[in-house]
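Trainee: Here it is, the structure, as structure tokens.
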Amino acid sequence: MGTLVIAELLVVLAMIFIGARVGGIGLGIYGMIGMFVLVFGFGLKPGSAPIDVMMIIVAVITAAAALQASGGLEYLVGIAAKFLRKHPEQITYFGPLTCWLFCVVAGTAHTSYSLLPIISEIAQANKIRPERPMSLSVIAASLGITGSPVSAATAALISQDILGAKGIELGTILIVCIPASLIAILVAAFIQNRVGKELEDDPEYKRRVTEGIINPEEDKHNLEIAEEQPNPRAKYSVWTFFAGVILVVIFGFFPQLRPEGVTMSQVIEMIMMSIAALILFVGKAKASDAVNGNIFKAGMNAVVAIFGIAWMGSTFYLGNQEYLNNALSGMISTAPFLFTVALFIMSIMLFSQAATVTTLYPVGVALGINPMFLVAMFPACNGYFFLPNYPTEVAALDFDRTGTTRVGKYVINHSFQLPGFVTTVVSIGVAAIIVQFL
């Protein structure tokens with residue numbers, strides 16, 4: 001029995017590894033190959049496909065894509081740019097906090113792409129080492145997902161298949177994770193302000209200035225572009241999107257307002273799809289522009305990835321549930337924090353908080369881990385910063401023209417490791433303290 005389980009596990013891990021290397025929809029399609037092998041090769045019964053989670057991603061991403069198509073996202077970026085330019089000396093604090101807030105509201109880390117060049121240019125113009133705010137901003141964006149009322153990961157966590165059945169509502173997630181992530185970012189920003197040499201003393205920066213790659217006096221065109229607001233109706237789209245998020249939060253905090261038998265997942269799906277239609281109407285945007293934007297494409301990649309990888313994981317676990325529970329229960333009961341480590345490692349392989357939740361959290365529930373402690377462990381799903389190949393990390397490396405945000409000789413010694421581990425440890429620690437009072 002044990003040999004067979006190991007063979008099946010190797011298939012699962014191999015498909016995750018190959019899918020992650022391929023990127024894009026690779027996780028989904030190779031996950032489905034693994035699913036085929038488990039069912040037809042090893043005779044396992046198919047598990048439950050994460051349909052609810054996939055539908056939530058579709059709904060939320062559709063609303064965010066409509067916001068982008070109507071110019072609402074650019075409008076928000078322009079407001080953020082003006083705010084950040086007024087407080088350049090605090091860019092290491094305000095830059096990451098702005099990225100975090102954008103992702104909390106929108107439910108996707110991809111909103112940070114518009115902010116990263118602004119943060120980099122403001123830091124450079126004020127002789128602040130861009131690595132300090134840039135690396136933390138990327139981490140803060142991911143942390144925003146595990147505190148967002150409309151993210152796919154949060155929706156998966158409170159679904160009836162995972163913690164929803166244990167009485168955990170959206171309000172609980174927000175009460176625990178939002179203050180925990182906020183404190184973690186502030187602690188990490190304090191540390192980041194002491195990282196590395198000052199910009200004017202950095203040898204790579206001085207080399208680029210000497211060779212003419214960087215002109216410290218040149219006009220910061222990125223800031224000007226970001227502050228343009230070509231669509232006067234964009235602000236109406238923003239308020240419409242905010243109204244949808246507020247509705248989601250209200251129904252999450254007050255479940256008694258929901259009709260009997262209606263789950264929070266269904267509420268999110270109905271509200272966000274309806275809001276997408278309203279955004280297109282008030283912003284006079286085209287539906288075709290929404291589906292052609294990078295937010296929609298990234299979201300659909302996530303749907304395919306979760307479809308394949310989570311279904312494969314569910315099939316493997318359910319097919320070997322008794323064996324795995326017996327093997328893991330003693331270890332987890334002795335040291336529950338090891339489940340946090342498992343979440344962290346799984347997120348590195350899956351490159352997705354939602355996929356990590358749908359794949360591993362059912363195991364935690366089955367092992368009898370206290371649901372409130374599972375909530376506190378939620379930020380551990382942000383571990384994909386460990387390898388510097390996630391799109392937001394790649395973008396930050398490209399946008400920092402000074403070269404201070406970098407990947408070292410050994411690949412894993414990169415700029416994102418320190419803020420990543422600091423925010424993960426601090427947020428989980430603060431969340432654990434909060435749940436003690438809940």
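In the structure tokens, the first chain shown is A, the next is B, and so on; residue numbers restart at 1 for each chain, and ligands run from 1 in the order shown.
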Can you tell me which residues surround A:Met346 at a distance of at most 10 Å, considering only C-alpha atoms, apart from same-chain residues fewer than 5 positions away, and format the answer as a PyMOL selection string?

Mentor: chain A and resi 16+340-341+351-353+355-357+359-360+380-384

Trainee: Please produce a file of the residues just selected, as a PDB file, in the first residue's frame, where the atoms kept are N, CA, C and O atoms.

Mentor:
ATOM      1  N   ILE A  16       3.141  18.667 -11.066  1.00  0.00           N
ATOM      2  CA  ILE A  16       3.231  20.017 -10.507  1.00  0.00           C
ATOM      3  C   ILE A  16       4.522  20.691 -10.958  1.00  0.00           C
ATOM      4  O   ILE A  16       4.531  21.852 -11.389  1.00  0.00           O
ATOM      5  N   THR A 340       1.745  24.586   8.603  1.00  0.00           N
ATOM      6  CA  THR A 340       2.110  25.887   8.031  1.00  0.00           C
ATOM      7  C   THR A 340       3.269  25.733   7.060  1.00  0.00           C
ATOM      8  O   THR A 340       3.275  26.325   5.980  1.00  0.00           O
ATOM      9  N   VAL A 341       4.256  24.929   7.455  1.00  0.00           N
ATOM     10  CA  VAL A 341       5.406  24.671   6.582  1.00  0.00           C
ATOM     11  C   VAL A 341       4.949  23.972   5.305  1.00  0.00           C
ATOM     12  O   VAL A 341       5.415  24.293   4.201  1.00  0.00           O
ATOM     13  N   PHE A 351       2.465  28.104  -7.176  1.00  0.00           N
ATOM     14  CA  PHE A 351       2.435  29.500  -7.624  1.00  0.00           C
ATOM     15  C   PHE A 351       1.041  30.108  -7.523  1.00  0.00           C
ATOM     16  O   PHE A 351       0.680  30.977  -8.322  1.00  0.00           O
ATOM     17  N   SER A 352       0.257  29.674  -6.556  1.00  0.00           N
ATOM     18  CA  SER A 352      -1.105  30.192  -6.432  1.00  0.00           C
ATOM     19  C   SER A 352      -1.628  29.941  -5.032  1.00  0.00           C
ATOM     20  O   SER A 352      -1.585  28.803  -4.550  1.00  0.00           O
ATOM     21  N   GLN A 353      -2.123  31.013  -4.397  1.00  0.00           N
ATOM     22  CA  GLN A 353      -2.725  30.835  -3.073  1.00  0.00           C
ATOM     23  C   GLN A 353      -3.999  30.006  -3.166  1.00  0.00           C
ATOM     24  O   GLN A 353      -4.235  29.123  -2.334  1.00  0.00           O
ATOM     25  N   ALA A 355      -4.885  27.770  -5.422  1.00  0.00           N
ATOM     26  CA  ALA A 355      -4.580  26.367  -5.699  1.00  0.00           C
ATOM     27  C   ALA A 355      -4.034  25.671  -4.458  1.00  0.00           C
ATOM     28  O   ALA A 355      -4.330  24.502  -4.204  1.00  0.00           O
ATOM     29  N   THR A 356      -3.233  26.395  -3.666  1.00  0.00           N
ATOM     30  CA  THR A 356      -2.702  25.827  -2.429  1.00  0.00           C
ATOM     31  C   THR A 356      -3.824  25.533  -1.445  1.00  0.00           C
ATOM     32  O   THR A 356      -3.852  24.483  -0.801  1.00  0.00           O
ATOM     33  N   VAL A 357      -4.770  26.473  -1.331  1.00  0.00           N
ATOM     34  CA  VAL A 357      -5.901  26.287  -0.416  1.00  0.00           C
ATOM     35  C   VAL A 357      -6.736  25.084  -0.828  1.00  0.00           C
ATOM     36  O   VAL A 357      -7.050  24.216  -0.002  1.00  0.00           O
ATOM     37  N   THR A 359      -5.938  22.574  -2.628  1.00  0.00           N
ATOM     38  CA  THR A 359      -5.199  21.315  -2.637  1.00  0.00           C
ATOM     39  C   THR A 359      -4.915  20.792  -1.232  1.00  0.00           C
ATOM     40  O   THR A 359      -5.086  19.605  -0.955  1.00  0.00           O
ATOM     41  N   LEU A 360      -4.507  21.668  -0.325  1.00  0.00           N
ATOM     42  CA  LEU A 360      -3.984  21.201   0.963  1.00  0.00           C
ATOM     43  C   LEU A 360      -4.904  21.441   2.145  1.00  0.00           C
ATOM     44  O   LEU A 360      -4.887  20.670   3.119  1.00  0.00           O
ATOM     45  N   ALA A 380       0.608  31.739   5.072  1.00  0.00           N
ATOM     46  CA  ALA A 380       1.667  30.817   4.648  1.00  0.00           C
ATOM     47  C   ALA A 380       1.513  30.416   3.190  1.00  0.00           C
ATOM     48  O   ALA A 380       2.454  29.889   2.584  1.00  0.00           O
ATOM     49  N   CYS A 381       0.332  30.675   2.618  1.00  0.00           N
ATOM     50  CA  CYS A 381       0.084  30.329   1.209  1.00  0.00           C
ATOM     51  C   CYS A 381       0.765  31.298   0.249  1.00  0.00           C
ATOM     52  O   CYS A 381       0.627  31.161  -0.970  1.00  0.00           O
ATOM     53  N   ASN A 382       1.495  32.285   0.779  1.00  0.00           N
ATOM     54  CA  ASN A 382       2.177  33.278  -0.063  1.00  0.00           C
ATOM     55  C   ASN A 382       3.641  32.931  -0.314  1.00  0.00           C
ATOM     56  O   ASN A 382       4.447  33.801  -0.662  1.00  0.00           O
ATOM     57  N   GLY A 383       4.007  31.664  -0.180  1.00  0.00           N
ATOM     58  CA  GLY A 383       5.424  31.298  -0.238  1.00  0.00           C
ATOM     59  C   GLY A 383       6.062  31.287  -1.603  1.00  0.00           C
ATOM     60  O   GLY A 383       7.259  31.043  -1.714  1.00  0.00           O
ATOM     61  N   TYR A 384       5.303  31.588  -2.660  1.00  0.00           N
ATOM     62  CA  TYR A 384       5.891  31.474  -4.003  1.00  0.00           C
ATOM     63  C   TYR A 384       6.931  32.554  -4.295  1.00  0.00           C
ATOM     64  O   TYR A 384       7.531  32.567  -5.372  1.00  0.00           O
TER      65      TYR A 384
END

Trainee: Excluding same-chain residues fewer than 4 positions from A:Gly252, what lies within 10 Å of it counting only C-alpha atoms, as an MDAnalysis selection string?

Mentor: chainID A and resid 149 158 169:174 246:248 256:258 263:265 267:268

Trainee: With N, CA, C and O atoms kept, could you save the residues just selected as a short mmCIF file (atom, residue, chain, number, x, y, z; two decimals), in the first residue's frame?

Mentor:
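Writing the result to again-v2.cif gives the following:
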data_model
loop_
_atom_site.label_atom_id
_atom_site.label_comp_id
_atom_site.auth_asym_id
_atom_site.auth_seq_id
_atom_site.Cartn_x
_atom_site.Cartn_y
_atom_site.Cartn_z
N PRO A 149 -11.48 40.39 0.47
CA PRO A 149 -12.80 39.77 0.50
C PRO A 149 -13.23 39.20 -0.85
O PRO A 149 -14.21 38.46 -0.92
N ILE A 158 -13.35 29.87 2.46
CA ILE A 158 -14.65 29.91 3.15
C ILE A 158 -15.71 29.09 2.44
O ILE A 158 -16.89 29.12 2.82
N GLU A 169 -16.72 32.28 8.50
CA GLU A 169 -17.30 33.21 7.53
C GLU A 169 -16.25 34.19 7.04
O GLU A 169 -15.14 34.28 7.59
N LEU A 170 -16.61 34.96 6.02
CA LEU A 170 -15.70 35.95 5.46
C LEU A 170 -15.25 36.96 6.51
O LEU A 170 -14.07 37.35 6.54
N GLY A 171 -16.17 37.38 7.37
CA GLY A 171 -15.83 38.35 8.40
C GLY A 171 -14.68 37.90 9.28
O GLY A 171 -13.82 38.70 9.66
N THR A 172 -14.65 36.61 9.58
CA THR A 172 -13.55 36.07 10.41
C THR A 172 -12.22 36.21 9.70
O THR A 172 -11.21 36.60 10.32
N ILE A 173 -12.20 35.88 8.41
CA ILE A 173 -10.95 35.98 7.63
C ILE A 173 -10.44 37.42 7.64
O ILE A 173 -9.25 37.68 7.86
N LEU A 174 -11.34 38.38 7.41
CA LEU A 174 -10.94 39.78 7.33
C LEU A 174 -10.46 40.30 8.68
O LEU A 174 -9.46 41.03 8.76
N ILE A 246 -17.92 46.40 -1.29
CA ILE A 246 -18.60 46.70 -0.03
C ILE A 246 -19.78 45.76 0.20
O ILE A 246 -20.00 45.28 1.32
N LEU A 247 -20.53 45.48 -0.84
CA LEU A 247 -21.64 44.53 -0.73
C LEU A 247 -21.16 43.15 -0.31
O LEU A 247 -21.77 42.49 0.54
N VAL A 248 -20.06 42.71 -0.90
CA VAL A 248 -19.49 41.41 -0.55
C VAL A 248 -19.10 41.39 0.93
O VAL A 248 -19.39 40.43 1.65
N GLN A 256 -26.71 36.63 8.13
CA GLN A 256 -28.17 36.58 8.28
C GLN A 256 -28.88 37.38 7.20
O GLN A 256 -30.10 37.20 6.98
N LEU A 257 -28.14 38.25 6.49
CA LEU A 257 -28.75 39.02 5.41
C LEU A 257 -28.92 38.19 4.14
O LEU A 257 -29.67 38.58 3.25
N ARG A 258 -28.23 37.08 4.07
CA ARG A 258 -28.33 36.24 2.88
C ARG A 258 -29.60 35.40 2.92
O ARG A 258 -29.99 34.91 3.99
N THR A 263 -25.05 30.41 -0.27
CA THR A 263 -23.71 30.43 0.33
C THR A 263 -22.99 31.72 -0.02
O THR A 263 -23.37 32.44 -0.95
N MET A 264 -21.92 31.99 0.71
CA MET A 264 -21.13 33.19 0.45
C MET A 264 -20.47 33.12 -0.92
O MET A 264 -20.33 34.13 -1.61
N SER A 265 -20.09 31.94 -1.34
CA SER A 265 -19.49 31.79 -2.67
C SER A 265 -20.47 32.22 -3.75
O SER A 265 -20.11 32.93 -4.70
N VAL A 267 -22.94 34.29 -3.37
CA VAL A 267 -23.12 35.74 -3.26
C VAL A 267 -22.02 36.48 -4.02
O VAL A 267 -22.29 37.43 -4.77
N ILE A 268 -20.77 36.06 -3.83
CA ILE A 268 -19.65 36.70 -4.51
C ILE A 268 -19.82 36.58 -6.02
O ILE A 268 -19.61 37.55 -6.77
#

Trainee: DSSP on the backbone: what in stretch 167-360 of chain A comes out helix (DSSP H, G or I), as number ranges by chain?

Mentor: A: 170-192, 199-201, 203-210, 221-227, 234-253, 255-257, 264-282, 287-292, 294-319, 321-334, 337-350, 353-360

Trainee: Env of A:Phe190: 9 Å cut, atoms = only C-alpha atoms, seq-sep filter 4 positions within chain, self excluded. Answer as a ChimeraX atom specification.

Mentor: /A:92-93,185-186,194

Trainee: Please dump the current selection as a CSV table (one decimal), in the first residue's frame; keep all heavy atoms.

Mentor:
chain,number,residue,atom,x,y,z
A,92,THR,N,9.2,53.7,1.2
A,92,THR,CA,9.3,52.3,1.6
A,92,THR,C,8.1,51.8,2.4
A,92,THR,O,7.9,50.6,2.5
A,92,THR,CB,10.6,52.1,2.5
A,92,THR,OG1,11.7,52.6,1.7
A,92,THR,CG2,10.9,50.7,2.8
A,93,TYR,N,7.4,52.7,3.1
A,93,TYR,CA,6.2,52.4,3.8
A,93,TYR,C,5.0,52.5,2.9
A,93,TYR,O,4.2,51.6,2.7
A,93,TYR,CB,6.0,53.3,5.0
A,93,TYR,CG,6.9,53.0,6.1
A,93,TYR,CD1,8.1,53.7,6.3
A,93,TYR,CD2,6.6,52.1,7.1
A,93,TYR,CE1,9.0,53.4,7.3
A,93,TYR,CE2,7.5,51.8,8.2
A,93,TYR,CZ,8.7,52.5,8.3
A,93,TYR,OH,9.5,52.2,9.3
A,185,ILE,N,3.6,44.2,7.2
A,185,ILE,CA,4.2,45.1,6.2
A,185,ILE,C,4.9,46.2,6.9
A,185,ILE,O,6.0,46.6,6.4
A,185,ILE,CB,3.1,45.6,5.2
A,185,ILE,CG1,2.5,44.5,4.4
A,185,ILE,CG2,3.6,46.8,4.4
A,185,ILE,CD1,1.3,44.9,3.6
A,186,LEU,N,4.3,46.8,7.9
A,186,LEU,CA,5.0,47.9,8.7
A,186,LEU,C,6.3,47.4,9.3
A,186,LEU,O,7.3,48.1,9.2
A,186,LEU,CB,4.1,48.4,9.7
A,186,LEU,CG,2.8,49.1,9.2
A,186,LEU,CD1,1.9,49.5,10.4
A,186,LEU,CD2,3.2,50.4,8.4
A,194,ARG,N,16.7,49.6,6.2
A,194,ARG,CA,18.1,49.4,6.6
A,194,ARG,C,18.8,48.4,5.8
A,194,ARG,O,19.9,48.0,6.1
A,194,ARG,CB,18.1,49.0,8.1
A,194,ARG,CG,17.7,50.2,9.0
A,194,ARG,CD,17.0,49.7,10.3
A,194,ARG,NE,16.7,50.9,11.1
A,194,ARG,CZ,15.6,51.6,10.9
A,194,ARG,NH1,14.8,51.3,9.9
A,194,ARG,NH2,15.3,52.7,11.6

Trainee: Would you pick out the contacts of A:Thr424 at 7 Å or less, using only C-alpha atoms, so that residues sharing its chain but fewer than 4 positions from it are not included, and give the list as a list in words?

Mentor: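 Contacts, with the query itself left out: Pro379, Ala380, Gly420 and Ile428 of chain A.
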
Trainee: Determine, counting only C-alpha atoms, which protein, DNA and RNA residues have an atom within 8 Å of an atom of A:Gly403; residues of the same chain fewer than 3 positions away are not included. Present the result as a list in words.

Mentor: Glu204, Tyr205, Leu397, Asp400 and Arg406 of chain A

Trainee: Pull C-alpha atoms from the residues just selected and write them as a PDB file, in the first residue's frame.

Mentor:
ATOM      1  CA  GLU A 204      25.820  48.809  -9.679  1.00  0.00           C
ATOM      2  CA  TYR A 205      23.941  52.124  -9.644  1.00  0.00           C
ATOM      3  CA  LEU A 397      13.363  43.362 -11.405  1.00  0.00           C
ATOM      4  CA  ASP A 400      14.110  48.918 -11.119  1.00  0.00           C
ATOM      5  CA  ARG A 406      18.361  41.782  -8.048  1.00  0.00           C
TER       6      ARG A 406
END

Trainee: Can you pull out the residues contacting A:Val304? Cut-off 9 Å, using only C-alpha atoms, and skip same-chain residues under 6 positions away; I want them as a list in words.

Mentor: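 Residues meeting the cut-off are Gly24, Ile25, Gly26, Leu27, Gly28, Ile29 and Met54 of chain A.
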
Trainee: Between A:Lys86, A:Arg207, A:Lys166, A:Lys197, single out the one closest to A:Glu131, counting only C-alpha atoms.

Mentor: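 Using only C-alpha atoms, the shortest distance to A:Glu131 belongs to A:Lys197.
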
Trainee: Can you measure atom CA of A:Leu338 to atom CA of A:Leu367 for me? One decimal in Å is fine.

Mentor: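 Spanning atom CA of A:Leu338 to atom CA of A:Leu367 is a straight-line distance of 12.4 Å.
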
Trainee: Just checking: using only C-alpha atoms, which residue out of A:Gly429, A:Pro96, A:Pro203, A:Gly319 ends up closest to A:Arg132?

Mentor: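 Counting only C-alpha atoms, the residue closest to A:Arg132 is A:Pro96.
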
Trainee: Using only C-alpha atoms, which residue out of A:Ile175, A:Leu387, A:Ala395, A:Leu324 lies closest to A:Leu115?

Mentor: A:Ala395

Trainee: Mind giving me the straight-line distance from atom CA of A:Asn126 to atom CA of A:Val104 in Å, one decimal?

Mentor: 27.9 Å

Trainee: May I ask which of the residues A:Gln266, A:Pro259, A:Gln68, A:Phe296 is the closest one to A:Ala234, counting only C-alpha atoms?

Mentor: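 Closest residue, counting only C-alpha atoms: A:Gln68.
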
Trainee: Rounded to one decimal, what separation in Å do you get between atom CA of A:Gly364 and atom CA of A:Tyr317?

Mentor: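 About the pair atom CA of A:Gly364 and atom CA of A:Tyr317: they are 11.5 Å apart.
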